[in-house]
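Chemist: Sending over protein-v4.cif (mmCIF, C-alpha atoms and all ligand atoms).
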```cif
data_entry
#
loop_
_atom_site.group_PDB
_atom_site.id
_atom_site.type_symbol
_atom_site.label_atom_id
_atom_site.label_comp_id
_atom_site.auth_asym_id
_atom_site.auth_seq_id
_atom_site.Cartn_x
_atom_site.Cartn_y
_atom_site.Cartn_z
ATOM 1 C CA MET A 1 97.831 138.180 99.225
ATOM 2 C CA ARG A 2 101.357 139.651 99.308
ATOM 3 C CA GLN A 3 102.417 141.685 96.309
ATOM 4 C CA ARG A 4 105.428 140.531 94.284
ATOM 5 C CA GLN A 5 108.461 142.677 95.031
ATOM 6 C CA LYS A 6 109.487 144.843 92.082
ATOM 7 C CA ASN A 7 112.897 144.153 90.592
ATOM 8 C CA LEU A 8 115.473 146.964 90.231
ATOM 9 C CA ASN A 9 114.512 147.623 86.587
ATOM 10 C CA GLU A 10 110.898 148.156 87.582
ATOM 11 C CA VAL A 11 111.751 150.293 90.603
ATOM 12 C CA ILE A 12 113.943 152.623 88.513
ATOM 13 C CA ARG A 13 111.644 152.769 85.487
ATOM 14 C CA ASP A 14 108.493 153.444 87.519
ATOM 15 C CA ASP A 15 110.192 156.133 89.575
ATOM 16 C CA LEU A 16 111.642 157.950 86.566
ATOM 17 C CA LEU A 17 108.408 157.814 84.566
ATOM 18 C CA ARG A 18 106.531 159.246 87.556
ATOM 19 C CA ASN A 19 109.074 162.049 87.833
ATOM 20 C CA GLY A 20 109.270 163.427 84.322
ATOM 21 C CA ALA A 21 111.028 160.872 82.110
ATOM 22 C CA THR A 22 109.305 160.128 78.805
ATOM 23 C CA VAL A 23 111.126 156.847 78.147
ATOM 24 C CA VAL A 24 113.497 154.676 80.171
ATOM 25 C CA GLY A 25 115.468 151.704 78.844
ATOM 26 C CA PHE A 26 118.146 149.333 80.081
ATOM 27 C CA ALA A 27 121.082 148.152 77.998
ATOM 28 C CA ASP A 28 123.920 145.696 78.102
ATOM 29 C CA VAL A 29 126.820 147.862 76.927
ATOM 30 C CA SER A 30 129.643 145.491 77.842
ATOM 31 C CA GLU A 31 130.816 145.160 74.232
ATOM 32 C CA VAL A 32 131.341 148.906 73.785
ATOM 33 C CA LEU A 33 133.110 149.864 77.009
ATOM 34 C CA SER A 34 136.831 149.922 77.422
ATOM 35 C CA GLY A 35 139.480 150.964 79.932
ATOM 36 C CA GLU A 36 138.493 152.784 83.055
ATOM 37 C CA ILE A 37 134.769 152.118 82.720
ATOM 38 C CA SER A 38 134.711 148.526 81.445
ATOM 39 C CA HIS A 39 133.273 147.207 84.727
ATOM 40 C CA LEU A 40 130.073 149.246 84.316
ATOM 41 C CA LYS A 41 128.333 146.874 81.942
ATOM 42 C CA SER A 42 124.770 148.147 82.157
ATOM 43 C CA ALA A 43 123.316 151.452 81.079
ATOM 44 C CA VAL A 44 120.150 153.202 82.133
ATOM 45 C CA SER A 45 119.080 155.325 79.186
ATOM 46 C CA ILE A 46 116.711 158.202 79.926
ATOM 47 C CA GLY A 47 114.834 160.280 77.332
ATOM 48 C CA ILE A 48 112.581 163.263 77.756
ATOM 49 C CA ASN A 49 110.392 164.713 75.069
ATOM 50 C CA ARG A 50 111.762 168.268 75.210
ATOM 51 C CA ASN A 51 114.161 170.442 73.244
ATOM 52 C CA LEU A 52 117.685 170.298 74.596
ATOM 53 C CA ASN A 53 117.884 173.535 76.579
ATOM 54 C CA THR A 54 118.963 174.621 80.054
ATOM 55 C CA GLU A 55 115.721 173.540 81.737
ATOM 56 C CA THR A 56 115.807 170.146 79.959
ATOM 57 C CA ILE A 57 119.360 169.565 81.146
ATOM 58 C CA LYS A 58 118.276 170.367 84.709
ATOM 59 C CA ILE A 59 115.425 167.836 84.527
ATOM 60 C CA LEU A 60 117.686 165.137 83.082
ATOM 61 C CA LEU A 61 120.349 165.744 85.752
ATOM 62 C CA ASN A 62 117.673 165.402 88.415
ATOM 63 C CA LEU A 63 116.462 162.109 86.903
ATOM 64 C CA GLN A 64 120.034 160.822 86.875
ATOM 65 C CA LYS A 65 120.296 161.682 90.591
ATOM 66 C CA ARG A 66 117.178 159.605 91.244
ATOM 67 C CA VAL A 67 118.764 156.589 89.498
ATOM 68 C CA ILE A 68 121.957 157.034 91.490
ATOM 69 C CA ARG A 69 120.027 157.035 94.761
ATOM 70 C CA PHE A 70 118.656 153.550 94.003
ATOM 71 C CA LEU A 71 122.054 152.259 92.851
ATOM 72 C CA ARG A 72 123.804 153.626 95.900
ATOM 73 C CA GLU A 73 121.220 152.041 98.201
ATOM 74 C CA GLY A 74 121.939 148.676 96.510
ATOM 75 C CA GLY A 75 125.709 149.146 96.964
ATOM 76 C CA TYR A 76 126.407 149.288 93.208
ATOM 77 C CA HIS A 77 128.966 151.392 91.338
ATOM 78 C CA TYR A 78 127.808 153.953 88.814
ATOM 79 C CA LEU A 79 128.912 156.705 86.476
ATOM 80 C CA SER A 80 126.478 159.354 85.432
ATOM 81 C CA ILE A 81 127.121 160.843 81.982
ATOM 82 C CA PRO A 82 125.498 164.273 81.917
ATOM 83 C CA PRO A 83 123.362 165.309 78.929
ATOM 84 C CA ASP A 84 125.798 168.122 78.131
ATOM 85 C CA SER A 85 129.013 166.243 78.853
ATOM 86 C CA ASP A 86 130.807 168.132 76.090
ATOM 87 C CA ARG A 87 130.464 171.319 78.082
ATOM 88 C CA CYS A 88 132.088 169.910 81.234
ATOM 89 C CA ASN A 89 135.479 171.164 80.045
ATOM 90 C CA GLY A 90 138.605 169.584 81.434
ATOM 91 C CA THR A 91 136.800 166.945 83.503
ATOM 92 C CA PHE A 92 137.012 163.140 83.301
ATOM 93 C CA ILE A 93 133.457 163.140 81.928
ATOM 94 C CA SER A 94 134.342 165.528 79.111
ATOM 95 C CA ARG A 95 136.899 162.972 77.854
ATOM 96 C CA LEU A 96 134.242 160.263 77.815
ATOM 97 C CA TYR A 97 131.579 161.616 75.547
ATOM 98 C CA PRO A 98 133.220 160.797 72.223
ATOM 99 C CA LEU A 99 133.867 157.273 73.557
ATOM 100 C CA PHE A 100 130.455 156.582 74.973
ATOM 101 C CA THR A 101 127.539 158.553 73.622
ATOM 102 C CA HIS A 102 123.978 158.694 74.882
ATOM 103 C CA LYS A 103 122.910 157.313 71.508
ATOM 104 C CA ILE A 104 124.802 154.052 72.087
ATOM 105 C CA ALA A 105 122.900 153.529 75.318
ATOM 106 C CA ALA A 106 119.576 154.448 73.729
ATOM 107 C CA THR A 107 119.796 152.127 70.705
ATOM 108 C CA SER A 108 121.170 149.341 72.879
ATOM 109 C CA ALA A 109 118.222 149.817 75.251
ATOM 110 C CA GLY A 110 115.778 149.528 72.347
ATOM 111 C CA ILE A 111 114.508 153.098 72.679
ATOM 112 C CA GLY A 112 115.060 153.792 68.999
ATOM 113 C CA TRP A 113 117.456 153.764 66.038
ATOM 114 C CA ILE A 114 119.822 156.366 64.593
ATOM 115 C CA GLY A 115 118.042 158.188 61.803
ATOM 116 C CA LYS A 116 119.430 159.706 58.630
ATOM 117 C CA ASN A 117 119.549 162.984 60.576
ATOM 118 C CA GLY A 118 122.081 161.376 62.927
ATOM 119 C CA LEU A 119 119.661 161.552 65.835
ATOM 120 C CA LEU A 120 118.097 158.861 67.960
ATOM 121 C CA ILE A 121 114.609 158.279 66.546
ATOM 122 C CA SER A 122 111.993 156.751 68.778
ATOM 123 C CA PRO A 123 108.973 155.289 66.974
ATOM 124 C CA GLU A 124 106.681 157.327 69.242
ATOM 125 C CA TYR A 125 108.568 160.605 69.782
ATOM 126 C CA GLY A 126 110.823 160.676 66.735
ATOM 127 C CA PRO A 127 114.060 162.663 67.153
ATOM 128 C CA ARG A 128 112.520 164.830 69.883
ATOM 129 C CA LEU A 129 114.019 163.041 72.875
ATOM 130 C CA SER A 130 116.865 164.628 74.814
ATOM 131 C CA LEU A 131 119.049 161.990 76.399
ATOM 132 C CA ALA A 132 121.081 161.146 79.484
ATOM 133 C CA THR A 133 122.794 157.950 80.629
ATOM 134 C CA VAL A 134 123.856 156.284 83.863
ATOM 135 C CA LEU A 135 126.356 153.424 83.633
ATOM 136 C CA THR A 136 126.426 150.864 86.431
ATOM 137 C CA ASP A 137 127.517 147.397 87.533
ATOM 138 C CA ALA A 138 124.046 146.656 88.940
ATOM 139 C CA PRO A 139 122.515 143.431 87.542
ATOM 140 C CA LEU A 140 119.868 145.138 85.397
ATOM 141 C CA VAL A 141 117.952 143.070 82.856
ATOM 142 C CA PRO A 142 118.695 144.512 79.399
ATOM 143 C CA ASP A 143 115.966 145.448 76.957
ATOM 144 C CA ARG A 144 116.264 144.242 73.382
ATOM 145 C CA PRO A 145 118.558 146.484 71.252
ATOM 146 C CA ILE A 146 117.418 148.020 67.970
ATOM 147 C CA LEU A 147 119.762 146.894 65.226
ATOM 148 C CA LYS A 148 118.949 149.013 62.197
ATOM 149 C CA SER A 149 117.411 152.213 60.968
ATOM 150 C CA GLN A 150 113.740 152.292 60.065
ATOM 151 C CA CYS A 151 113.969 155.498 58.007
ATOM 152 C CA ASP A 152 113.797 153.446 54.770
ATOM 153 C CA SER A 153 113.143 155.654 51.746
ATOM 154 C CA CYS A 154 112.292 158.817 53.738
ATOM 155 C CA ASN A 155 114.763 161.619 52.971
ATOM 156 C CA LEU A 156 112.915 164.654 54.329
ATOM 157 C CA CYS A 157 115.708 165.631 56.748
ATOM 158 C CA ARG A 158 118.319 165.368 54.005
ATOM 159 C CA ASP A 159 116.213 167.378 51.577
ATOM 160 C CA TYR A 160 115.380 170.170 54.051
ATOM 161 C CA CYS A 161 118.749 170.531 55.787
ATOM 162 C CA PRO A 162 119.687 174.180 55.071
ATOM 163 C CA THR A 163 123.366 173.318 54.869
ATOM 164 C CA SER A 164 123.246 169.946 53.057
ATOM 165 C CA ALA A 165 124.944 168.319 56.034
ATOM 166 C CA ILE A 166 122.887 165.105 55.835
ATOM 167 C CA THR A 167 124.357 162.417 53.587
ATOM 168 C CA GLY A 168 121.220 160.222 53.342
ATOM 169 C CA LYS A 169 123.075 157.075 54.412
ATOM 170 C CA GLU A 170 121.388 154.565 56.717
ATOM 171 C CA TRP A 171 122.597 153.530 60.181
ATOM 172 C CA SER A 172 122.896 149.974 61.408
ATOM 173 C CA ARG A 173 124.542 148.504 64.491
ATOM 174 C CA GLU A 174 126.829 146.555 62.143
ATOM 175 C CA ASP A 175 128.134 149.812 60.646
ATOM 176 C CA PRO A 176 127.304 152.320 63.389
ATOM 177 C CA TYR A 177 129.730 155.076 62.403
ATOM 178 C CA VAL A 178 128.793 155.415 58.760
ATOM 179 C CA GLU A 179 128.918 159.134 57.910
ATOM 180 C CA LEU A 180 125.353 160.369 58.437
ATOM 181 C CA ILE A 181 126.109 164.024 59.100
ATOM 182 C CA LYS A 182 128.845 166.273 57.863
ATOM 183 C CA LYS A 183 129.367 167.602 61.362
ATOM 184 C CA ALA A 184 131.433 170.648 60.406
ATOM 185 C CA LEU A 185 128.673 171.892 58.085
ATOM 186 C CA CYS A 186 126.030 171.466 60.817
ATOM 187 C CA ASP A 187 128.238 173.029 63.484
ATOM 188 C CA ASN A 188 129.298 176.002 61.328
ATOM 189 C CA TYR A 189 125.678 176.704 60.397
ATOM 190 C CA LYS A 190 124.655 176.672 64.048
ATOM 191 C CA LYS A 191 127.505 179.097 64.840
ATOM 192 C CA LYS A 192 126.410 181.341 61.976
ATOM 193 C CA ILE A 193 122.837 181.502 63.269
ATOM 194 C CA LYS A 194 124.180 182.213 66.733
ATOM 195 C CA THR A 195 125.889 185.364 65.499
ATOM 196 C CA ILE A 196 122.621 186.506 63.883
ATOM 197 C CA GLU A 197 119.986 185.310 66.366
ATOM 198 C CA GLY A 198 121.981 184.945 69.582
ATOM 199 C CA LYS A 199 121.173 181.204 69.838
ATOM 200 C CA PRO A 200 122.513 178.301 67.763
ATOM 201 C CA ASN A 201 118.971 177.252 66.951
ATOM 202 C CA CYS A 202 118.307 175.126 63.866
ATOM 203 C CA GLY A 203 116.484 171.882 64.543
ATOM 204 C CA LEU A 204 114.988 171.543 61.043
ATOM 205 C CA CYS A 205 116.059 167.908 60.884
ATOM 206 C CA ILE A 206 114.101 167.347 64.086
ATOM 207 C CA ASN A 207 110.945 169.174 63.110
ATOM 208 C CA ILE A 208 110.655 167.656 59.649
ATOM 209 C CA CYS A 209 110.930 164.027 60.819
ATOM 210 C CA PRO A 210 107.562 162.255 60.415
ATOM 211 C CA TYR A 211 108.131 160.024 63.440
ATOM 212 C CA GLY A 212 106.383 161.553 66.441
ATOM 213 C CA ARG A 213 105.551 164.729 64.495
ATOM 214 C CA LYS A 214 102.381 166.566 65.305
ATOM 215 C CA LYS A 215 100.194 166.719 62.194
ATOM 216 C CA ASN A 216 99.757 169.833 60.029
ATOM 217 C CA ILE A 217 103.060 171.538 60.731
ATOM 218 C CA ARG A 218 104.061 174.247 58.288
ATOM 219 C CA VAL A 219 107.272 173.370 56.522
ATOM 220 C CA GLN A 220 108.184 177.020 55.913
ATOM 221 C CA GLY A 221 109.412 178.826 59.022
ATOM 222 C CA LEU A 222 109.889 175.742 61.193
ATOM 223 C CA GLN A 223 110.884 176.499 64.781
ATOM 224 C CA GLY A 224 114.334 175.562 66.097
ATOM 225 C CA GLY A 225 114.907 172.406 68.076
ATOM 226 C CA GLY A 226 117.086 173.458 70.990
ATOM 227 C CA GLU A 227 120.176 175.279 72.129
HETATM 228 C C1 LIG B 301 129.164 166.967 69.736
HETATM 229 C C2 LIG B 301 127.659 167.020 69.680
HETATM 230 C C3 LIG B 301 127.088 167.762 68.644
HETATM 231 C C4 LIG B 301 127.900 168.296 67.464
HETATM 232 C C5 LIG B 301 128.146 167.134 66.467
HETATM 233 C C6 LIG B 301 126.828 166.397 66.113
HETATM 234 C C7 LIG B 301 126.948 164.918 65.814
HETATM 235 N N1 LIG B 301 126.033 164.413 64.982
HETATM 236 O O1 LIG B 301 127.805 164.220 66.323
HETATM 237 C C8 LIG B 301 126.968 169.419 66.905
HETATM 238 C C9 LIG B 301 127.323 170.747 67.553
HETATM 239 C C10 LIG B 301 127.012 169.615 65.386
HETATM 240 C C11 LIG B 301 125.619 168.935 67.442
HETATM 241 C C12 LIG B 301 124.417 169.312 66.890
HETATM 242 C C13 LIG B 301 123.183 168.878 67.389
HETATM 243 N N2 LIG B 301 122.979 168.166 68.520
HETATM 244 CO CO1 LIG B 301 124.347 167.349 69.586
HETATM 245 N N3 LIG B 301 125.576 166.473 70.708
HETATM 246 C C14 LIG B 301 126.853 166.357 70.651
HETATM 247 C C15 LIG B 301 127.326 165.453 71.828
HETATM 248 C C16 LIG B 301 127.869 166.371 72.934
HETATM 249 C C17 LIG B 301 128.379 164.415 71.479
HETATM 250 C C18 LIG B 301 128.085 163.659 70.198
HETATM 251 C C19 LIG B 301 129.370 163.038 69.674
HETATM 252 O O2 LIG B 301 130.303 163.670 69.279
HETATM 253 N N4 LIG B 301 129.412 161.741 69.638
HETATM 254 C C20 LIG B 301 130.518 160.990 69.085
HETATM 255 C C21 LIG B 301 130.042 160.346 67.772
HETATM 256 C C22 LIG B 301 131.135 159.439 67.241
HETATM 257 O O3 LIG B 301 128.922 159.518 68.077
HETATM 258 P P1 LIG B 301 127.447 159.939 67.658
HETATM 259 O O4 LIG B 301 127.422 160.436 66.272
HETATM 260 O O5 LIG B 301 126.915 160.860 68.725
HETATM 261 O O6 LIG B 301 126.624 158.615 67.790
HETATM 262 C C23 LIG B 301 126.948 157.433 67.080
HETATM 263 C C24 LIG B 301 127.058 156.254 68.042
HETATM 264 O O7 LIG B 301 126.162 156.470 69.109
HETATM 265 C C25 LIG B 301 126.627 155.104 67.131
HETATM 266 N N5 LIG B 301 125.847 154.080 67.797
HETATM 267 C C26 LIG B 301 124.523 154.112 68.072
HETATM 268 N N6 LIG B 301 124.149 152.977 68.656
HETATM 269 C C27 LIG B 301 125.246 152.183 68.745
HETATM 270 C C28 LIG B 301 125.416 150.910 69.267
HETATM 271 C C29 LIG B 301 126.701 150.338 69.254
HETATM 272 C C30 LIG B 301 126.893 148.969 69.806
HETATM 273 C C31 LIG B 301 127.811 151.070 68.708
HETATM 274 C C32 LIG B 301 129.200 150.472 68.699
HETATM 275 C C33 LIG B 301 127.628 152.364 68.190
HETATM 276 C C34 LIG B 301 126.343 152.893 68.207
HETATM 277 O O8 LIG B 301 125.769 155.650 66.115
HETATM 278 C C35 LIG B 301 125.733 157.057 66.202
HETATM 279 C C36 LIG B 301 125.793 157.636 64.798
HETATM 280 O O9 LIG B 301 126.963 157.226 64.127
HETATM 281 C C37 LIG B 301 125.988 164.750 72.256
HETATM 282 C C38 LIG B 301 125.863 164.456 73.746
HETATM 283 C C39 LIG B 301 126.559 163.166 74.103
HETATM 284 N N7 LIG B 301 127.351 163.218 75.126
HETATM 285 O O10 LIG B 301 126.339 162.141 73.465
HETATM 286 C C40 LIG B 301 124.917 165.737 71.776
HETATM 287 C C41 LIG B 301 123.650 165.150 71.193
HETATM 288 C C42 LIG B 301 124.031 164.062 70.217
HETATM 289 N N8 LIG B 301 123.105 166.291 70.451
HETATM 290 C C43 LIG B 301 121.830 166.373 70.493
HETATM 291 C C44 LIG B 301 121.053 167.357 69.820
HETATM 292 C C45 LIG B 301 119.598 167.478 70.225
HETATM 293 C C46 LIG B 301 121.638 168.165 68.828
HETATM 294 C C47 LIG B 301 120.914 169.173 67.896
HETATM 295 C C48 LIG B 301 119.536 168.774 67.466
HETATM 296 C C49 LIG B 301 120.918 170.546 68.559
HETATM 297 C C50 LIG B 301 120.189 171.622 67.669
HETATM 298 N N9 LIG B 301 119.018 171.993 68.098
HETATM 299 O O11 LIG B 301 120.691 172.026 66.672
HETATM 300 C C51 LIG B 301 121.896 169.193 66.695
HETATM 301 C C52 LIG B 301 121.530 168.076 65.694
HETATM 302 C C53 LIG B 301 122.570 167.822 64.664
HETATM 303 C C54 LIG B 301 122.445 166.456 64.056
HETATM 304 N N10 LIG B 301 121.496 166.277 63.138
HETATM 305 O O12 LIG B 301 123.175 165.555 64.451
HETATM 306 C C55 LIG B 301 121.206 165.242 71.333
HETATM 307 C C56 LIG B 301 120.604 164.181 70.416
HETATM 308 C C57 LIG B 301 119.286 163.624 70.927
HETATM 309 C C58 LIG B 301 118.777 162.573 69.975
HETATM 310 N N11 LIG B 301 117.460 162.349 70.008
HETATM 311 O O13 LIG B 301 119.511 161.954 69.238
HETATM 312 C C59 LIG B 301 122.463 164.742 72.163
HETATM 313 C C60 LIG B 301 122.491 163.259 72.495
HETATM 314 C C61 LIG B 301 122.466 165.565 73.465
HETATM 315 C C62 LIG B 301 121.468 165.053 74.499
HETATM 316 N N12 LIG B 301 121.906 164.933 75.719
HETATM 317 O O14 LIG B 301 120.315 164.790 74.229
HETATM 318 N N13 LIG B 301 125.773 168.078 68.493
#
```
Here is a file; write its structure as structure tokens.
Modeler:
Amino acid sequence: MRQRQKNLNEVIRDDLLRNGATVVGFADVSEVLSGEISHLKSAVSIGINRNLNTETIKILLNLQKRVIRFLREGGYHYLSIPPDSDRCNGTFISRLYPLFTHKIAATSAGIGWIGKNGLLISPEYGPRLSLATVLTDAPLVPDRPILKSQCDSCNLCRDYCPTSAITGKEWSREDPYVELIKKALCDNYKKKIKTIEGKPNCGLCINICPYGRKKNIRVQGLQGGGE
């Protein structure tokens, strides 16, 4: 008996999961795109369960290249948004990241919600996924978006944030830009640690989150969550 041919979603997802992705989702992002990229209505959202560091960025970039290969073969247009788009100074991509964030793709692809710590929380891996996105006009079938936070009454990240940057408000797709994090406080703290330890390593709001957390962690002396 002949096997059913895989559709493009399945081809991409299977390939990425075999090559290092932890989660892969597909989103209809047509309602959030404007201007130069409004024709790229679908997003492939890729998450890997690793701290955001140089090696992680390399892996994510490689996964994005794999997606692009399939899209190019199908004759589709695409735009790859690198995991560290903010560092691509002066480029077209660097202008995009405040307009289209990896978190939009991830919640729209049903990978998770935005937690009180401002991070994408997956039910299985918590806030420990580092993210990358490829936008495309390929006819991908969207997964079901997640519409609201499931943090409920948990306030661990707010209570343990060393700089009181977390407001404790809850995210929903209806009010997606509610102030979750006082970004300047978070950023300044990371800069301060960088001058002392050489790396802007905090990550307490990642390590304390109960979603996806390994049991029996020590709350005192938590390790940092990335660069
Ligand atoms: C600038 C930046 C920072 C700044 C500002 C942080 C912030 N909260 O915005 C600083 C330097 C402080 C920072 C710190 C960190 N960052 Co940072 N950062 C970024 C960057 C480059 C851009 C984020 C940005 O400015 N977005 C613009 C604002 C307006 O959007 P946003 O807050 O990101 O997301 C909102 C929308 O997505 C919206 N939304 C979600 N779904 C939907 C759906 C619809 C339809 C709509 C309309 C909106 C919507 O809700 C979100 C919350 O309001 C992204 C990479 C990227 N290109 O996305 C990484 C990124 C957000 N950072 C990341 C990480 C890991 C960190 C740190 C943990 C690093 C560390 N170890 O300290 C900390 C965590 C701080 C924290 N708790 O937020 C990861 C987050 C992964 C995750 N699981 O969520 C990202 C995605 C990088 C990556 N490639 O993985 N970061």
Chemist: Just say which residues the PyMOL selection byres (((chain A and resi 57-66) around 10) and not hetatm) picks in this file, as a ChimeraX atom specification.
Modeler: /A:12,15-17,19-21,44-48,50-56,67-71,79-84,130-134
Chemist: Can you list, as a ChimeraX atom specification, the residues that the PyMOL selection byres (((chain A and resi 151-167) around 10) and not hetatm) selects here?
Modeler: /A:113-118,121,148-150,168-171,178-190,202-211,219
Chemist: At what distance in Å, to one decimal, does atom CA of Ile104 of chain A lie from atom C32 of ligand LIG 301 (chain B)?
Modeler: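 Straight-line distance from atom C32 of ligand LIG 301 (chain B) to atom CA of Ile104 of chain A works out to 6.6 Å.
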Chemist: Hey, which of A:Thr101, A:Asn201, A:Gln5, A:Ser42 ends up closest to Asp28 of chain A? Count all atoms listed in the file.
Modeler: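 Of all the options, A:Ser42 lies closest to Asp28 of chain A.
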Chemist: Kindly list the centre and edge lengths in Å, rounded to one decimal, for the axis-aligned box that covers all listed atoms of ligand LIG 301 (chain B) plus 6 Å on each of its six sides, as JSON.
Modeler:
```
{"center_x": 124.3, "center_y": 160.5, "center_z": 69.4, "size_x": 25.7, "size_y": 35.1, "size_z": 24.6}
```
Chemist: Care to translate the PyMOL selection byres (((chain A and resi 37) around 10) and not hetatm) into actual residues of this file, as a list in words?
Modeler: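 For this structure, the PyMOL selection byres (((chain A and resi 37) around 10) and not hetatm) captures Ser30, Leu33, Ser34, Gly35, Glu36, Ser38, His39, Leu40, Lys41, Tyr78, Leu79, Leu96, Phe100, Leu135, Thr136 and Asp137 of chain A.
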Chemist: Rank A:Lys6, A:Arg18, A:His77, A:Lys191 by their smallest atom-to-atom distance to ligand LIG 301 (chain B), using all atoms listed in the file, and report the top residue only.
Modeler: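 Smallest separation from ligand LIG 301 (chain B) among the options: A:Lys191.
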Chemist: So how many Å separate atom CA of Gly25 of chain A and atom CA of Ile111 of chain A, to one decimal?
Modeler: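 Between atom CA of Gly25 of chain A and atom CA of Ile111 of chain A the gap is 6.4 Å.
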Chemist: Counting all atoms listed in the file, which residue out of A:Ala43, A:Leu140, A:Leu147, A:Ala106 sits closest to Pro127 of chain A?
Modeler: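 With all atoms listed in the file as the atom set, the closest residue is A:Ala106.
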Chemist: So how many Å separate atom C19 of ligand LIG 301 (chain B) and atom CA of Glu174 of chain A, to one decimal?
Modeler: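 It comes out at 18.3 Å.
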Chemist: Under the rule that all atoms listed in the file are counted, which of A:Tyr125, A:Gly112, A:Lys103, A:Glu197 is the nearest residue to ligand LIG 301 (chain B)?
Modeler: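 Distance minimum relative to ligand LIG 301 (chain B) lands on A:Lys103.
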Chemist: Which residue is closest to ligand LIG 301 (chain B)? Choose from A:Ser172, A:Ser122, A:Thr107, A:Asn49 and count all atoms listed in the file.
Modeler: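 Of A:Ser172, A:Ser122, A:Thr107, A:Asn49, the one nearest ligand LIG 301 (chain B) is A:Thr107, counting all atoms listed in the file.
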Chemist: Using only C-alpha atoms and all ligand atoms, find the one residue out of A:Glu10, A:Gly74, A:Glu124, A:Ala105 that sits nearest to ligand LIG 301 (chain B).
Modeler: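 Comparing A:Glu10, A:Gly74, A:Glu124, A:Ala105 against ligand LIG 301 (chain B), the winner is A:Ala105.
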